[in-house]
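Structure file model_4.txt with compact mmCIF, C-alpha atoms:
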```txt
# COMPACT_ATOMS: atom_id res chain seq x y z
CA MET Y 1075 16.28 26.39 8.72
CA LYS Y 1076 13.38 24.19 9.78
CA ASN Y 1077 13.19 20.44 9.29
CA ILE Y 1078 10.24 19.30 7.17
CA ILE Y 1079 7.55 16.68 7.61
CA PHE Y 1080 5.76 16.32 4.28
CA ILE Y 1081 2.12 15.21 4.34
CA ALA Y 1082 0.80 14.91 0.82
CA PRO Y 1083 -1.79 12.97 -1.17
CA PRO Y 1084 -0.67 10.98 -4.21
CA ALA Y 1085 0.36 13.18 -7.16
CA ALA Y 1086 0.80 16.31 -5.02
CA GLY Y 1087 4.39 16.75 -6.23
CA LYS Y 1088 6.14 15.82 -2.99
CA GLY Y 1089 9.01 14.13 -4.82
CA THR Y 1090 9.57 17.12 -7.11
CA GLN Y 1091 9.60 19.57 -4.20
CA SER Y 1092 11.88 17.31 -2.14
CA ASN Y 1093 14.42 17.20 -4.97
CA MET Y 1094 14.34 20.98 -5.36
CA LEU Y 1095 14.84 21.46 -1.61
CA LYS Y 1096 17.75 19.01 -1.60
CA GLU Y 1097 19.45 20.83 -4.45
CA LYS Y 1098 19.04 24.35 -3.05
CA PHE Y 1099 19.26 23.84 0.71
CA ASP Y 1100 21.15 20.52 1.02
CA TYR Y 1101 18.38 18.73 2.90
CA ALA Y 1102 18.67 15.04 3.66
CA HIS Y 1103 15.65 13.28 2.13
CA ILE Y 1104 14.45 10.48 4.40
CA SER Y 1105 11.95 8.07 2.86
CA THR Y 1106 10.59 5.18 4.90
CA GLY Y 1107 10.68 2.97 1.80
CA ASP Y 1108 14.37 3.76 1.25
CA MET Y 1109 15.12 3.16 4.93
CA LEU Y 1110 13.52 -0.27 4.85
CA ARG Y 1111 15.54 -1.21 1.78
CA GLU Y 1112 18.75 0.11 3.36
CA ALA Y 1113 18.10 -1.84 6.54
CA ILE Y 1114 17.56 -5.07 4.61
CA ASN Y 1115 20.68 -4.52 2.48
CA SER Y 1116 22.80 -3.80 5.56
CA GLY Y 1117 22.38 -7.35 6.82
CA SER Y 1118 21.91 -6.12 10.41
CA LYS Y 1119 19.67 -7.96 12.84
CA LEU Y 1120 17.07 -5.22 12.51
CA GLY Y 1121 17.35 -5.48 8.73
CA MET Y 1122 16.81 -9.24 8.82
CA ASP Y 1123 13.76 -8.75 11.04
CA VAL Y 1124 12.36 -6.26 8.51
CA LYS Y 1125 13.02 -8.68 5.63
CA ASN Y 1126 11.23 -11.53 7.42
CA ILE Y 1127 8.19 -9.32 8.07
CA ILE Y 1128 8.00 -8.07 4.48
CA ASP Y 1129 8.57 -11.55 3.05
CA LYS Y 1130 5.53 -12.74 5.00
CA GLY Y 1131 3.47 -9.93 3.49
CA GLU Y 1132 2.96 -8.30 6.86
CA LEU Y 1133 3.19 -4.60 7.78
CA VAL Y 1134 6.31 -3.40 9.55
CA SER Y 1135 5.32 -2.33 13.07
CA ASP Y 1136 5.45 1.25 14.35
CA ASP Y 1137 8.18 0.25 16.82
CA ILE Y 1138 10.51 -0.90 14.05
CA ILE Y 1139 9.77 2.07 11.78
CA ILE Y 1140 10.38 4.48 14.67
CA LYS Y 1141 13.68 2.78 15.53
CA LEU Y 1142 14.83 3.03 11.90
CA VAL Y 1143 13.90 6.72 11.78
CA GLU Y 1144 15.70 7.37 15.06
CA GLU Y 1145 18.88 5.67 13.80
CA LYS Y 1146 18.75 7.54 10.50
CA LEU Y 1147 18.25 10.93 12.13
CA ALA Y 1148 21.12 10.28 14.55
CA SER Y 1149 23.43 9.63 11.59
CA LEU Y 1150 22.75 13.06 10.06
CA ASN Y 1151 24.74 14.97 12.69
CA GLY Y 1152 22.41 17.95 12.66
CA LYS Y 1153 21.89 18.20 8.89
CA PRO Y 1154 18.38 19.49 8.06
CA PHE Y 1155 16.02 16.75 6.89
CA ILE Y 1156 12.81 16.05 5.01
CA LEU Y 1157 10.66 13.20 6.31
CA ASP Y 1158 8.76 11.56 3.46
CA GLY Y 1159 6.18 8.89 4.31
CA PHE Y 1160 6.62 9.25 8.05
CA PRO Y 1161 4.73 9.71 10.26
CA ARG Y 1162 1.67 7.97 8.84
CA THR Y 1163 -0.18 7.47 12.12
CA LEU Y 1164 -0.87 9.53 15.22
CA ASN Y 1165 1.20 7.11 17.30
CA GLN Y 1166 4.16 7.63 14.96
CA ALA Y 1167 3.76 11.41 15.16
CA LYS Y 1168 3.80 11.40 18.95
CA SER Y 1169 6.83 9.09 19.01
CA LEU Y 1170 8.63 11.34 16.54
CA ASP Y 1171 8.17 14.31 18.85
CA ASN Y 1172 10.15 12.38 21.49
CA ILE Y 1173 13.04 11.98 19.02
CA ILE Y 1174 13.41 15.39 17.34
CA ASP Y 1175 13.58 18.92 18.67
CA ASP Y 1176 10.91 21.55 18.05
CA ASN Y 1177 12.55 23.04 14.95
CA TYR Y 1178 10.24 21.54 12.33
CA VAL Y 1179 7.16 22.26 10.28
CA ALA Y 1180 4.53 19.84 8.98
CA ILE Y 1181 3.75 20.90 5.41
CA TYR Y 1182 0.51 19.65 3.90
CA LEU Y 1183 0.50 19.81 0.12
CA ASP Y 1184 -3.18 20.53 -0.47
CA LEU Y 1185 -4.43 19.11 -3.76
CA SER Y 1186 -7.98 18.70 -5.05
CA GLU Y 1187 -9.04 15.25 -6.26
CA GLU Y 1188 -9.88 16.68 -9.70
CA GLU Y 1189 -6.38 18.10 -10.14
CA ALA Y 1190 -4.83 14.94 -8.71
CA VAL Y 1191 -6.58 12.78 -11.32
CA LYS Y 1192 -5.33 15.09 -14.07
CA ARG Y 1193 -1.79 14.75 -12.78
CA ILE Y 1194 -1.88 11.01 -12.24
CA THR Y 1195 -3.06 10.24 -15.76
CA GLY Y 1196 -0.10 12.18 -17.16
CA ARG Y 1197 2.62 11.05 -14.75
CA LEU Y 1198 5.77 9.34 -16.01
CA THR Y 1199 8.67 8.18 -13.88
CA CYS Y 1200 12.29 7.25 -14.46
CA SER Y 1201 14.35 4.53 -12.82
CA CYS Y 1202 16.68 7.29 -11.53
CA GLY Y 1203 13.82 8.64 -9.41
CA LYS Y 1204 12.87 11.73 -11.40
CA SER Y 1205 9.19 12.31 -12.21
CA TYR Y 1206 7.54 14.06 -15.16
CA ASN Y 1207 4.02 14.92 -16.23
CA VAL Y 1208 2.79 15.29 -19.80
CA ASN Y 1209 -0.29 17.21 -18.59
CA ILE Y 1210 1.77 19.95 -16.89
CA ASP Y 1211 3.92 22.12 -19.15
CA SER Y 1212 6.62 22.80 -16.55
CA LEU Y 1213 7.03 19.07 -15.84
CA LYS Y 1214 7.15 17.69 -19.38
CA PRO Y 1215 10.41 15.99 -20.42
CA LYS Y 1216 12.45 17.86 -23.04
CA ALA Y 1217 12.32 14.83 -25.31
CA GLU Y 1218 9.13 12.76 -25.37
CA GLY Y 1219 9.43 9.63 -23.24
CA ILE Y 1220 13.08 10.29 -22.26
CA CYS Y 1221 14.51 11.40 -18.90
CA ASP Y 1222 16.25 14.79 -19.04
CA ASP Y 1223 18.86 13.72 -16.48
CA CYS Y 1224 19.94 10.20 -17.41
CA GLY Y 1225 18.43 9.55 -20.85
CA ASN Y 1226 16.55 6.42 -19.79
CA ALA Y 1227 13.06 5.63 -21.08
CA LEU Y 1228 10.20 6.92 -18.92
CA ILE Y 1229 7.50 4.54 -17.72
CA LYS Y 1230 3.91 4.78 -16.50
CA ARG Y 1231 3.09 3.02 -13.23
CA ASP Y 1232 0.47 0.26 -13.41
CA ASP Y 1233 -1.58 1.86 -10.61
CA ASP Y 1234 -1.63 5.29 -12.28
CA ASN Y 1235 -5.16 4.86 -13.61
CA VAL Y 1236 -8.26 6.75 -12.53
CA ASP Y 1237 -10.11 3.98 -10.66
CA ALA Y 1238 -7.10 2.74 -8.70
CA PHE Y 1239 -6.00 6.28 -7.97
CA LYS Y 1240 -9.35 7.37 -6.52
CA VAL Y 1241 -9.12 4.51 -4.02
CA ARG Y 1242 -5.58 5.57 -3.05
CA PHE Y 1243 -6.65 9.20 -2.72
CA LYS Y 1244 -9.60 8.37 -0.44
CA THR Y 1245 -7.44 6.06 1.68
CA PHE Y 1246 -4.91 8.83 2.14
CA LEU Y 1247 -7.58 11.33 3.23
CA ASP Y 1248 -9.17 8.84 5.65
CA ASN Y 1249 -5.81 8.02 7.26
CA THR Y 1250 -4.50 11.58 7.47
CA ASN Y 1251 -7.21 13.48 9.34
CA GLY Y 1252 -5.77 12.63 12.75
CA LEU Y 1253 -2.28 13.74 11.74
CA LEU Y 1254 -3.48 17.08 10.42
CA ASP Y 1255 -5.46 17.74 13.60
CA TYR Y 1256 -2.45 16.80 15.74
CA TYR Y 1257 -0.04 19.17 14.00
CA GLU Y 1258 -2.63 21.92 13.80
CA GLU Y 1259 -3.15 21.76 17.56
CA LYS Y 1260 0.63 22.03 18.02
CA ASN Y 1261 0.68 25.06 15.68
CA LYS Y 1262 3.07 23.15 13.39
CA LEU Y 1263 0.86 22.68 10.34
CA VAL Y 1264 1.17 24.77 7.18
CA LYS Y 1265 -1.15 24.07 4.25
CA ILE Y 1266 0.14 24.96 0.81
CA ASN Y 1267 -2.09 24.96 -2.25
CA VAL Y 1268 -0.33 22.95 -4.95
CA ASN Y 1269 -2.82 23.56 -7.77
CA ARG Y 1270 -0.21 25.99 -9.11
CA ASP Y 1271 3.15 26.27 -10.82
CA VAL Y 1272 5.95 24.18 -9.31
CA LEU Y 1273 8.21 27.20 -8.73
CA GLU Y 1274 5.46 29.15 -6.93
CA ILE Y 1275 4.95 26.19 -4.59
CA PHE Y 1276 8.69 25.94 -4.00
CA ASN Y 1277 8.93 29.64 -3.16
CA ASP Y 1278 6.12 29.27 -0.61
CA ILE Y 1279 7.85 26.28 1.01
CA SER Y 1280 11.16 28.19 1.06
CA GLY Y 1281 9.45 31.03 2.90
CA VAL Y 1282 8.01 28.66 5.49
CA ILE Y 1283 11.27 26.85 6.30
CA ASN Y 1284 13.25 30.09 6.55
CA ASP Y 1285 10.67 31.93 8.63
```
Give the structure from this file in structure tokens form.
Amino acid sequence: MKNIIFIAPPAAGKGTQSNMLKEKFDYAHISTGDMLREAINSGSKLGMDVKNIIDKGELVSDDIIIKLVEEKLASLNGKPFILDGFPRTLNQAKSLDNIIDDNYVAIYLDLSEEEAVKRITGRLTCSCGKSYNVNIDSLKPKAEGICDDCGNALIKRDDDNVDAFKVRFKTFLDNTNGLLDYYEEKNKLVKINVNRDVLEIFNDISGVIND
């Protein structure tokens, strides 16, 4: 089974697909945001360095992010993993290739801006991490405004509005071109159209990782 690097614009359903892959194939889901929080909570020297950087409002350097990823991957003892939010830059991608073996695929969840806007205006999230969408039948909660899993109230993110989202979407596209070219040249890139049913997308991803 291949390891996964997810590259996806906002609202492409990366979180939903990651959860489905975790449940069916027992993947470890590695999010850079979660790693930064874990490092800070650990109280380690590296964690304190990360906290000082974030407290100053600065960006965590590639060197630190790469070190955190390397430590996290080493702790998995060979368990298959999903990388979510890493790599974001070409430098990070090249560094990652020095850490992991060749058994991975970079999956680009290809989503049109029109469909992304439709999704973002209907997205609701829960504090437990599960996401829903009132504009997509298969992603609606069973009870309006309530999480199916934990029963907590669902919320709408402040930046889930059309104007703010279009800026985020363009920023993603501008920053991702180099990554896509890099993985395409390495014959590691698979593009999956996500303007479809969630289960169809999942089946396509399952075929790719088991190929």
Please report as a Markdown table every residue of range 1181-1250 of chain Y lying within 10 Å of range 1149-1171 of chain Y, along with the nearest atom pair and their distance in Å (one decimal), using only C-alpha atoms.
```
| residue | atom | partner | partner_atom | distance |
| --- | --- | --- | --- | --- |
| Y:Phe1246 | CA | Y:Arg1162 | CA | 9.4 |
| Y:Asn1249 | CA | Y:Thr1163 | CA | 7.5 |
| Y:Thr1250 | CA | Y:Arg1162 | CA | 7.3 |
```
Suppose we keep C-alpha atoms; can you now write the selection as a JSON list (two decimals), keeping the file's coordinate frame?
```json
[["chain", "number", "residue", "atom", "x", "y", "z"],
["Y", 1246, "PHE", "CA", -4.91, 8.83, 2.14],
["Y", 1249, "ASN", "CA", -5.81, 8.02, 7.26],
["Y", 1250, "THR", "CA", -4.50, 11.58, 7.47]]
```
What's around range 1210-1220 of chain Y at 9 Å? Count all atoms listed in the file, leave out sequence neighbours fewer than 4 positions away in its own chain, and write the answer as a ChimeraX atom specification.
/Y:1193,1196,1198,1200,1205-1206,1224-1229,1271-1272
Nearest to Ala1082 in chain Y among Y:Arg1270, Y:Lys1240, Y:Arg1111, Y:Lys1265, with distances taken over only C-alpha atoms: which residue is it?
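The closest residue to Ala1082 in chain Y is Y:Lys1265.
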For CA of Lys1260 in chain Y and CA of Ile1138 in chain Y, determine how far apart the two atoms are, in Å to one decimal place.
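CA of Ile1138 in chain Y lies 25.3 Å from CA of Lys1260 in chain Y.
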List every protein, DNA or RNA residue that has an atom no more than 12 Å from (13.7, -0.8, 8.2) in the file's coordinate frame, counting only C-alpha atoms, and report them as a PDB file with C-alpha atoms, in the frame of the given file.
```
ATOM      1  CA  ILE Y1104      14.450  10.480   4.400  1.00  0.00           C
ATOM      2  CA  SER Y1105      11.950   8.070   2.860  1.00  0.00           C
ATOM      3  CA  THR Y1106      10.590   5.180   4.900  1.00  0.00           C
ATOM      4  CA  GLY Y1107      10.680   2.970   1.800  1.00  0.00           C
ATOM      5  CA  ASP Y1108      14.370   3.760   1.250  1.00  0.00           C
ATOM      6  CA  MET Y1109      15.120   3.160   4.930  1.00  0.00           C
ATOM      7  CA  LEU Y1110      13.520  -0.270   4.850  1.00  0.00           C
ATOM      8  CA  ARG Y1111      15.540  -1.210   1.780  1.00  0.00           C
ATOM      9  CA  GLU Y1112      18.750   0.110   3.360  1.00  0.00           C
ATOM     10  CA  ALA Y1113      18.100  -1.840   6.540  1.00  0.00           C
ATOM     11  CA  ILE Y1114      17.560  -5.070   4.610  1.00  0.00           C
ATOM     12  CA  ASN Y1115      20.680  -4.520   2.480  1.00  0.00           C
ATOM     13  CA  SER Y1116      22.800  -3.800   5.560  1.00  0.00           C
ATOM     14  CA  GLY Y1117      22.380  -7.350   6.820  1.00  0.00           C
ATOM     15  CA  SER Y1118      21.910  -6.120  10.410  1.00  0.00           C
ATOM     16  CA  LYS Y1119      19.670  -7.960  12.840  1.00  0.00           C
ATOM     17  CA  LEU Y1120      17.070  -5.220  12.510  1.00  0.00           C
ATOM     18  CA  GLY Y1121      17.350  -5.480   8.730  1.00  0.00           C
ATOM     19  CA  MET Y1122      16.810  -9.240   8.820  1.00  0.00           C
ATOM     20  CA  ASP Y1123      13.760  -8.750  11.040  1.00  0.00           C
ATOM     21  CA  VAL Y1124      12.360  -6.260   8.510  1.00  0.00           C
ATOM     22  CA  LYS Y1125      13.020  -8.680   5.630  1.00  0.00           C
ATOM     23  CA  ASN Y1126      11.230 -11.530   7.420  1.00  0.00           C
ATOM     24  CA  ILE Y1127       8.190  -9.320   8.070  1.00  0.00           C
ATOM     25  CA  ILE Y1128       8.000  -8.070   4.480  1.00  0.00           C
ATOM     26  CA  LEU Y1133       3.190  -4.600   7.780  1.00  0.00           C
ATOM     27  CA  VAL Y1134       6.310  -3.400   9.550  1.00  0.00           C
ATOM     28  CA  SER Y1135       5.320  -2.330  13.070  1.00  0.00           C
ATOM     29  CA  ASP Y1136       5.450   1.250  14.350  1.00  0.00           C
ATOM     30  CA  ASP Y1137       8.180   0.250  16.820  1.00  0.00           C
ATOM     31  CA  ILE Y1138      10.510  -0.900  14.050  1.00  0.00           C
ATOM     32  CA  ILE Y1139       9.770   2.070  11.780  1.00  0.00           C
ATOM     33  CA  ILE Y1140      10.380   4.480  14.670  1.00  0.00           C
ATOM     34  CA  LYS Y1141      13.680   2.780  15.530  1.00  0.00           C
ATOM     35  CA  LEU Y1142      14.830   3.030  11.900  1.00  0.00           C
ATOM     36  CA  VAL Y1143      13.900   6.720  11.780  1.00  0.00           C
ATOM     37  CA  GLU Y1144      15.700   7.370  15.060  1.00  0.00           C
ATOM     38  CA  GLU Y1145      18.880   5.670  13.800  1.00  0.00           C
ATOM     39  CA  LYS Y1146      18.750   7.540  10.500  1.00  0.00           C
TER      40      LYS Y1146
END
```
Taking 6 positions as the minimum chain separation for residues in the same chain, which residues sit within 10 Å of Tyr1182 in chain Y when counting all atoms listed in the file? Answer as a ChimeraX atom specification.
/Y:1079-1083,1086,1088,1254,1263-1268
Pick from Y:Ile1181, Y:Ile1173, Y:Ala1102, Y:Ile1194: nearest to Phe1243 in chain Y, with only C-alpha atoms counted?
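When distances to Phe1243 in chain Y are compared using only C-alpha atoms, the smallest one comes from Y:Ile1194.
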